[in-house]
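File shown here: target_23.pdb, holding PDB, C-alpha atoms and all ligand atoms.
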```
ATOM      1  CA  MET A  22      29.421 -48.403  19.196  1.00  0.00           C
ATOM      2  CA  GLY A  23      26.743 -45.771  19.813  1.00  0.00           C
ATOM      3  CA  GLN A  24      25.499 -42.941  17.658  1.00  0.00           C
ATOM      4  CA  THR A  25      27.320 -40.365  19.782  1.00  0.00           C
ATOM      5  CA  ARG A  26      30.661 -42.022  19.168  1.00  0.00           C
ATOM      6  CA  ASN A  27      29.992 -42.126  15.416  1.00  0.00           C
ATOM      7  CA  THR A  28      29.139 -38.438  15.351  1.00  0.00           C
ATOM      8  CA  ARG A  29      32.168 -37.530  17.417  1.00  0.00           C
ATOM      9  CA  GLN A  30      34.504 -39.515  15.183  1.00  0.00           C
ATOM     10  CA  ARG A  31      32.999 -38.005  12.043  1.00  0.00           C
ATOM     11  CA  GLN A  32      33.488 -34.533  13.513  1.00  0.00           C
ATOM     12  CA  LEU A  33      37.096 -35.393  14.327  1.00  0.00           C
ATOM     13  CA  VAL A  34      37.778 -36.546  10.758  1.00  0.00           C
ATOM     14  CA  LEU A  35      36.104 -33.428   9.374  1.00  0.00           C
ATOM     15  CA  GLU A  36      38.279 -31.231  11.600  1.00  0.00           C
ATOM     16  CA  ALA A  37      41.396 -33.081  10.459  1.00  0.00           C
ATOM     17  CA  VAL A  38      40.508 -32.347   6.809  1.00  0.00           C
ATOM     18  CA  ARG A  39      39.645 -28.702   7.529  1.00  0.00           C
ATOM     19  CA  ALA A  40      42.949 -28.175   9.332  1.00  0.00           C
ATOM     20  CA  ARG A  41      44.870 -28.783   6.105  1.00  0.00           C
ATOM     21  CA  MET A  42      45.033 -26.722   2.940  1.00  0.00           C
ATOM     22  CA  ASP A  43      47.116 -29.164   0.919  1.00  0.00           C
ATOM     23  CA  HIS A  44      44.632 -31.782  -0.303  1.00  0.00           C
ATOM     24  CA  PRO A  45      45.818 -34.577   1.991  1.00  0.00           C
ATOM     25  CA  SER A  46      45.490 -38.272   1.200  1.00  0.00           C
ATOM     26  CA  ALA A  47      43.320 -40.555   3.321  1.00  0.00           C
ATOM     27  CA  ASP A  48      46.470 -41.858   5.021  1.00  0.00           C
ATOM     28  CA  GLU A  49      47.620 -38.351   5.941  1.00  0.00           C
ATOM     29  CA  ILE A  50      44.182 -37.618   7.406  1.00  0.00           C
ATOM     30  CA  TYR A  51      44.395 -40.862   9.345  1.00  0.00           C
ATOM     31  CA  LEU A  52      47.762 -39.852  10.857  1.00  0.00           C
ATOM     32  CA  ASP A  53      46.373 -36.419  11.802  1.00  0.00           C
ATOM     33  CA  ALA A  54      43.232 -37.978  13.304  1.00  0.00           C
ATOM     34  CA  ARG A  55      45.428 -40.343  15.344  1.00  0.00           C
ATOM     35  CA  GLN A  56      47.107 -37.303  16.925  1.00  0.00           C
ATOM     36  CA  ARG A  57      43.678 -36.199  18.159  1.00  0.00           C
ATOM     37  CA  ASP A  58      42.365 -39.614  19.166  1.00  0.00           C
ATOM     38  CA  GLY A  59      44.885 -42.442  19.550  1.00  0.00           C
ATOM     39  CA  ARG A  60      42.141 -45.084  19.393  1.00  0.00           C
ATOM     40  CA  ILE A  61      40.630 -44.132  16.037  1.00  0.00           C
ATOM     41  CA  SER A  62      41.134 -46.843  13.401  1.00  0.00           C
ATOM     42  CA  ARG A  63      42.116 -46.491   9.776  1.00  0.00           C
ATOM     43  CA  GLY A  64      38.805 -48.083   8.743  1.00  0.00           C
ATOM     44  CA  THR A  65      36.828 -45.521  10.729  1.00  0.00           C
ATOM     45  CA  VAL A  66      38.729 -42.638   9.138  1.00  0.00           C
ATOM     46  CA  TYR A  67      38.290 -43.995   5.611  1.00  0.00           C
ATOM     47  CA  ARG A  68      34.595 -44.716   6.155  1.00  0.00           C
ATOM     48  CA  ASN A  69      33.968 -41.223   7.507  1.00  0.00           C
ATOM     49  CA  LEU A  70      35.884 -39.595   4.653  1.00  0.00           C
ATOM     50  CA  ASN A  71      33.569 -41.375   2.212  1.00  0.00           C
ATOM     51  CA  ILE A  72      30.460 -40.330   4.120  1.00  0.00           C
ATOM     52  CA  LEU A  73      31.621 -36.700   4.361  1.00  0.00           C
ATOM     53  CA  ALA A  74      32.406 -36.614   0.633  1.00  0.00           C
ATOM     54  CA  GLU A  75      29.060 -38.191  -0.267  1.00  0.00           C
ATOM     55  CA  CYS A  76      27.100 -35.632   1.724  1.00  0.00           C
ATOM     56  CA  GLY A  77      29.147 -32.778   0.221  1.00  0.00           C
ATOM     57  CA  GLU A  78      30.935 -31.592   3.374  1.00  0.00           C
ATOM     58  CA  ILE A  79      34.296 -32.130   1.680  1.00  0.00           C
ATOM     59  CA  THR A  80      35.475 -32.975  -1.835  1.00  0.00           C
ATOM     60  CA  HIS A  81      36.959 -36.285  -2.867  1.00  0.00           C
ATOM     61  CA  VAL A  82      39.652 -35.456  -5.445  1.00  0.00           C
ATOM     62  CA  LYS A  83      40.474 -38.443  -7.618  1.00  0.00           C
ATOM     63  CA  ALA A  84      44.102 -37.512  -8.190  1.00  0.00           C
ATOM     64  CA  PRO A  85      46.584 -39.865  -9.867  1.00  0.00           C
ATOM     65  CA  ALA A  86      48.510 -42.109  -7.449  1.00  0.00           C
ATOM     66  CA  ALA A  87      46.301 -41.473  -4.411  1.00  0.00           C
ATOM     67  CA  ASP A  88      42.853 -40.146  -3.640  1.00  0.00           C
ATOM     68  CA  ARG A  89      42.881 -36.782  -1.890  1.00  0.00           C
ATOM     69  CA  TYR A  90      40.427 -34.915   0.261  1.00  0.00           C
ATOM     70  CA  ASP A  91      39.688 -31.238   0.150  1.00  0.00           C
ATOM     71  CA  LEU A  92      38.143 -28.936   2.737  1.00  0.00           C
ATOM     72  CA  ARG A  93      36.575 -26.914  -0.095  1.00  0.00           C
ATOM     73  CA  SER A  94      33.177 -28.405  -0.845  1.00  0.00           C
ATOM     74  CA  GLU A  95      32.197 -26.294  -3.863  1.00  0.00           C
ATOM     75  CA  PRO A  96      33.302 -27.677  -7.240  1.00  0.00           C
ATOM     76  CA  HIS A  97      36.689 -26.480  -8.501  1.00  0.00           C
ATOM     77  CA  TYR A  98      39.596 -27.702 -10.615  1.00  0.00           C
ATOM     78  CA  HIS A  99      42.964 -29.030  -9.546  1.00  0.00           C
ATOM     79  CA  MET A 100      46.554 -29.162 -10.671  1.00  0.00           C
ATOM     80  CA  TYR A 101      48.620 -32.252  -9.965  1.00  0.00           C
ATOM     81  CA  CYS A 102      52.418 -32.102  -9.890  1.00  0.00           C
ATOM     82  CA  LEU A 103      54.047 -35.114 -11.531  1.00  0.00           C
ATOM     83  CA  GLY A 104      57.274 -34.292  -9.675  1.00  0.00           C
ATOM     84  CA  CYS A 105      56.281 -34.082  -6.018  1.00  0.00           C
ATOM     85  CA  GLY A 106      52.737 -35.431  -6.183  1.00  0.00           C
ATOM     86  CA  ARG A 107      51.228 -32.340  -4.564  1.00  0.00           C
ATOM     87  CA  VAL A 108      47.723 -31.196  -5.482  1.00  0.00           C
ATOM     88  CA  PHE A 109      46.853 -27.501  -5.854  1.00  0.00           C
ATOM     89  CA  ASP A 110      43.657 -25.592  -6.560  1.00  0.00           C
ATOM     90  CA  ALA A 111      43.593 -24.284 -10.124  1.00  0.00           C
ATOM     91  CA  PRO A 112      42.769 -20.564 -10.428  1.00  0.00           C
ATOM     92  CA  MET A 113      39.951 -21.156 -12.882  1.00  0.00           C
ATOM     93  CA  PRO A 114      36.197 -20.990 -12.341  1.00  0.00           C
ATOM     94  CA  TYR A 115      34.137 -24.180 -12.552  1.00  0.00           C
ATOM     95  CA  ARG A 116      32.265 -24.504 -15.835  1.00  0.00           C
ATOM     96  CA  PRO A 117      28.686 -25.670 -15.161  1.00  0.00           C
ATOM     97  CA  ASP A 118      27.942 -25.149 -18.865  1.00  0.00           C
ATOM     98  CA  PHE A 119      30.045 -28.277 -19.577  1.00  0.00           C
ATOM     99  CA  ASP A 120      27.667 -30.285 -17.400  1.00  0.00           C
ATOM    100  CA  HIS A 121      24.604 -28.839 -19.124  1.00  0.00           C
ATOM    101  CA  GLN A 122      26.014 -29.417 -22.581  1.00  0.00           C
ATOM    102  CA  VAL A 123      26.889 -33.066 -21.975  1.00  0.00           C
ATOM    103  CA  ALA A 124      23.565 -33.687 -20.218  1.00  0.00           C
ATOM    104  CA  GLU A 125      21.649 -32.182 -23.121  1.00  0.00           C
ATOM    105  CA  GLU A 126      23.496 -34.171 -25.762  1.00  0.00           C
ATOM    106  CA  THR A 127      23.456 -37.533 -23.995  1.00  0.00           C
ATOM    107  CA  GLY A 128      20.445 -37.591 -21.690  1.00  0.00           C
ATOM    108  CA  PHE A 129      22.893 -38.408 -18.917  1.00  0.00           C
ATOM    109  CA  GLU A 130      22.066 -36.949 -15.518  1.00  0.00           C
ATOM    110  CA  ILE A 131      25.334 -35.099 -14.911  1.00  0.00           C
ATOM    111  CA  ARG A 132      26.150 -34.359 -11.282  1.00  0.00           C
ATOM    112  CA  GLY A 133      29.424 -32.598 -11.981  1.00  0.00           C
ATOM    113  CA  HIS A 134      32.867 -33.123 -13.427  1.00  0.00           C
ATOM    114  CA  GLN A 135      36.410 -33.117 -12.144  1.00  0.00           C
ATOM    115  CA  THR A 136      39.370 -31.770 -14.053  1.00  0.00           C
ATOM    116  CA  ILE A 137      42.972 -32.294 -13.027  1.00  0.00           C
ATOM    117  CA  PHE A 138      45.724 -30.460 -14.874  1.00  0.00           C
ATOM    118  CA  GLU A 139      48.984 -32.380 -14.797  1.00  0.00           C
ATOM    119  CA  GLY A 140      52.489 -30.954 -14.946  1.00  0.00           C
ATOM    120  CA  LEU A 141      55.302 -29.626 -12.805  1.00  0.00           C
ATOM    121  CA  CYS A 142      54.790 -27.146  -9.977  1.00  0.00           C
ATOM    122  CA  PRO A 143      57.116 -24.082  -9.878  1.00  0.00           C
ATOM    123  CA  ALA A 144      59.376 -25.688  -7.237  1.00  0.00           C
ATOM    124  CA  CYS A 145      59.777 -28.881  -9.264  1.00  0.00           C
ATOM    125  CA  ARG A 146      60.352 -26.914 -12.476  1.00  0.00           C
ATOM    126  CA  LYS A 147      63.157 -25.043 -10.747  1.00  0.00           C
ATOM    127  CA  ARG A 148      64.684 -28.289  -9.503  1.00  0.00           C
ATOM    128  CA  ALA A 149      64.457 -29.820 -12.990  1.00  0.00           C
ATOM    129  CA  GLU A 150      66.150 -26.772 -14.547  1.00  0.00           C
ATOM    130  CA  GLN A 151      68.989 -26.857 -12.029  1.00  0.00           C
ATOM    131  CA  PHE A 152      69.469 -30.533 -12.739  1.00  0.00           C
ATOM    132  CA  GLU A 153      69.671 -29.939 -16.469  1.00  0.00           C
ATOM    133  CA  SER A 154      72.173 -27.054 -16.384  1.00  0.00           C
TER     134      SER A 154
HETATM  135 ZN    ZN I   1      56.075 -30.379  -7.560  1.00  0.00          ZN
HETATM  136 ZN    ZN I   2      40.915 -28.186  -4.012  1.00  0.00          ZN
END
```

Would you write the structure of this file as structure tokens?
Ligand SMILES: [Zn+2]
Ligand SMILES: [Zn+2]
Amino acid sequence: MGQTRNTRQRQLVLEAVRARMDHPSADEIYLDARQRDGRISRGTVYRNLNILAECGEITHVKAPAADRYDLRSEPHYHMYCLGCGRVFDAPMPYRPDFDHQVAEETGFEIRGHQTIFEGLCPACRKRAEQFES
């Protein structure tokens, strides 16, 4: 396996993440990547997702149930629906002051924080209400 192949596969995985707005899981990315290159393995996709997240090209969202990947690389918050398992971006600015405050009080070198709001998305709320009435 040469360097060119590695680069090409990484690019393919990156494109698969960027093609989706819905915070896909590693498995969903794998299925998309397979559409583009039938020979790509699950291990290759997972490894490249980790590398891309480590170098800040994409965000690794540690959602309940399954890890998700996000084409947005700048820090932001998420909402997780307990009904359908979908992950959404929360319309709330990132709070770097939280990082500074914790770093100052603990001496910890803070590199960031992730916040996931949990609840029901509007579609699942509607479904739950219909079920109740
Ligand atoms: Zn939902
Ligand atoms: Zn996001």

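Using all atoms listed in the file, residues with at least one atom at most 9 Å away from any atom of ligand ZN 1 (chain I) are Tyr101, Cys102, Leu103, Gly104, Cys105, Gly106, Arg107, Val108, Gly140, Leu141, Cys142, Pro143, Ala144, Cys145 and Arg146 of chain A.
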
Go ahead and write the selection's residues with C-alpha atoms as a PDB file, in the coordinates of the input.
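Output saved as out17.pdb:
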```pdb
ATOM      1  CA  TYR A 101      48.620 -32.252  -9.965  1.00  0.00           C
ATOM      2  CA  CYS A 102      52.418 -32.102  -9.890  1.00  0.00           C
ATOM      3  CA  LEU A 103      54.047 -35.114 -11.531  1.00  0.00           C
ATOM      4  CA  GLY A 104      57.274 -34.292  -9.675  1.00  0.00           C
ATOM      5  CA  CYS A 105      56.281 -34.082  -6.018  1.00  0.00           C
ATOM      6  CA  GLY A 106      52.737 -35.431  -6.183  1.00  0.00           C
ATOM      7  CA  ARG A 107      51.228 -32.340  -4.564  1.00  0.00           C
ATOM      8  CA  VAL A 108      47.723 -31.196  -5.482  1.00  0.00           C
ATOM      9  CA  GLY A 140      52.489 -30.954 -14.946  1.00  0.00           C
ATOM     10  CA  LEU A 141      55.302 -29.626 -12.805  1.00  0.00           C
ATOM     11  CA  CYS A 142      54.790 -27.146  -9.977  1.00  0.00           C
ATOM     12  CA  PRO A 143      57.116 -24.082  -9.878  1.00  0.00           C
ATOM     13  CA  ALA A 144      59.376 -25.688  -7.237  1.00  0.00           C
ATOM     14  CA  CYS A 145      59.777 -28.881  -9.264  1.00  0.00           C
ATOM     15  CA  ARG A 146      60.352 -26.914 -12.476  1.00  0.00           C
TER      16      ARG A 146
END
```

Distance query segment 83-97 of chain A at most 7 Å, all atoms listed in the file, self and fewer than 3 positions along chain excluded, as a ChimeraX atom specification:
/A:38-39,44-47,77-80,114-115

Written as JSON, numbers by chain, what is the full residue list that the PyMOL selection byres (((chain A and resi 48-50) around 9) and not hetatm) yields on the file shown?
{"A": [34, 37, 38, 41, 45, 46, 47, 51, 52, 53, 54, 55, 63, 66, 67, 70, 90]}

The selected residues should be written to file as a PDB file, in the frame of the given file (atoms: C-alpha atoms).
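Output (again_39.pdb):
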```
ATOM      1  CA  VAL A  34      37.778 -36.546  10.758  1.00  0.00           C
ATOM      2  CA  ALA A  37      41.396 -33.081  10.459  1.00  0.00           C
ATOM      3  CA  VAL A  38      40.508 -32.347   6.809  1.00  0.00           C
ATOM      4  CA  ARG A  41      44.870 -28.783   6.105  1.00  0.00           C
ATOM      5  CA  PRO A  45      45.818 -34.577   1.991  1.00  0.00           C
ATOM      6  CA  SER A  46      45.490 -38.272   1.200  1.00  0.00           C
ATOM      7  CA  ALA A  47      43.320 -40.555   3.321  1.00  0.00           C
ATOM      8  CA  TYR A  51      44.395 -40.862   9.345  1.00  0.00           C
ATOM      9  CA  LEU A  52      47.762 -39.852  10.857  1.00  0.00           C
ATOM     10  CA  ASP A  53      46.373 -36.419  11.802  1.00  0.00           C
ATOM     11  CA  ALA A  54      43.232 -37.978  13.304  1.00  0.00           C
ATOM     12  CA  ARG A  55      45.428 -40.343  15.344  1.00  0.00           C
ATOM     13  CA  ARG A  63      42.116 -46.491   9.776  1.00  0.00           C
ATOM     14  CA  VAL A  66      38.729 -42.638   9.138  1.00  0.00           C
ATOM     15  CA  TYR A  67      38.290 -43.995   5.611  1.00  0.00           C
ATOM     16  CA  LEU A  70      35.884 -39.595   4.653  1.00  0.00           C
ATOM     17  CA  TYR A  90      40.427 -34.915   0.261  1.00  0.00           C
TER      18      TYR A  90
END
```

Could you work out how far atom ZN of ligand ZN 2 (chain I) lies from atom CA of Met100 of chain A, giving the answer in Å with one decimal?
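Answer for the atom CA of Met100 of chain A to atom ZN of ligand ZN 2 (chain I) separation: 8.8 Å.
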
What's the separation between atom CA of Val82 of chain A and atom CA of Pro117 of chain A, in Å to one decimal place?
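Here the two named atoms are 17.6 Å from each other.
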
Nearest candidate to ligand ZN 2 (chain I) (options A:Ala124, A:Ile72, A:Ala149, A:Ala111; using only C-alpha atoms and all ligand atoms):
A:Ala111

Coordinates-based distance that separates atom ZN of ligand ZN 2 (chain I) from atom CA of His99 of chain A (Å, one decimal)
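Going from atom CA of His99 of chain A over to atom ZN of ligand ZN 2 (chain I) covers 6.0 Å.
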
With only C-alpha atoms as the atoms that count, which of A:Phe109, A:Arg26, A:Arg116, A:Glu153 lies nearest to Ile137 of chain A?
A:Phe109

A:Asp110, A:Glu75, A:Glu150, A:Asp43: which is nearest Thr136 of chain A, counting only C-alpha atoms?
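Residue with the minimum atom-to-atom distance to Thr136 of chain A: A:Asp110.
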
Let me make sure I understand: among A:Met42, A:Leu73, A:Val123, A:Met113, which one has the smallest atom-to-atom distance to ligand ZN 2 (chain I) if we use only C-alpha atoms and all ligand atoms?
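The shortest atom-to-atom distance to ligand ZN 2 (chain I) comes from A:Met42.
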
I need the residue nearest ligand ZN 2 (chain I) from this list: A:His81, A:Phe119, A:Gly128, A:Gly64. Use all atoms listed in the file for the distance.
A:His81

For ligand ZN 2 (chain I), which residue out of A:Ser62, A:Leu35, A:Thr28, A:Gln135 is the nearest one, using only C-alpha atoms and all ligand atoms?
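Between A:Ser62, A:Leu35, A:Thr28, A:Gln135, the residue approaching ligand ZN 2 (chain I) most closely is A:Gln135.
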
Could you give me the axis-aligned bounding box of segment 99-116 of chain A, with 6 Å of padding per side, as centre plus edge lengths in Å to one decimal, as JSON?
```
{"center_x": 44.8, "center_y": -28.0, "center_z": -10.2, "size_x": 37.0, "size_y": 26.9, "size_z": 23.3}
```

If we count all atoms listed in the file and set the cut-off at 8 Å, which residues sit around Thr65 of chain A, ignoring sequence neighbours fewer than 4 positions away in its own chain? Please answer as a list in words.
Gln30, Ile61 and Asn69 of chain A
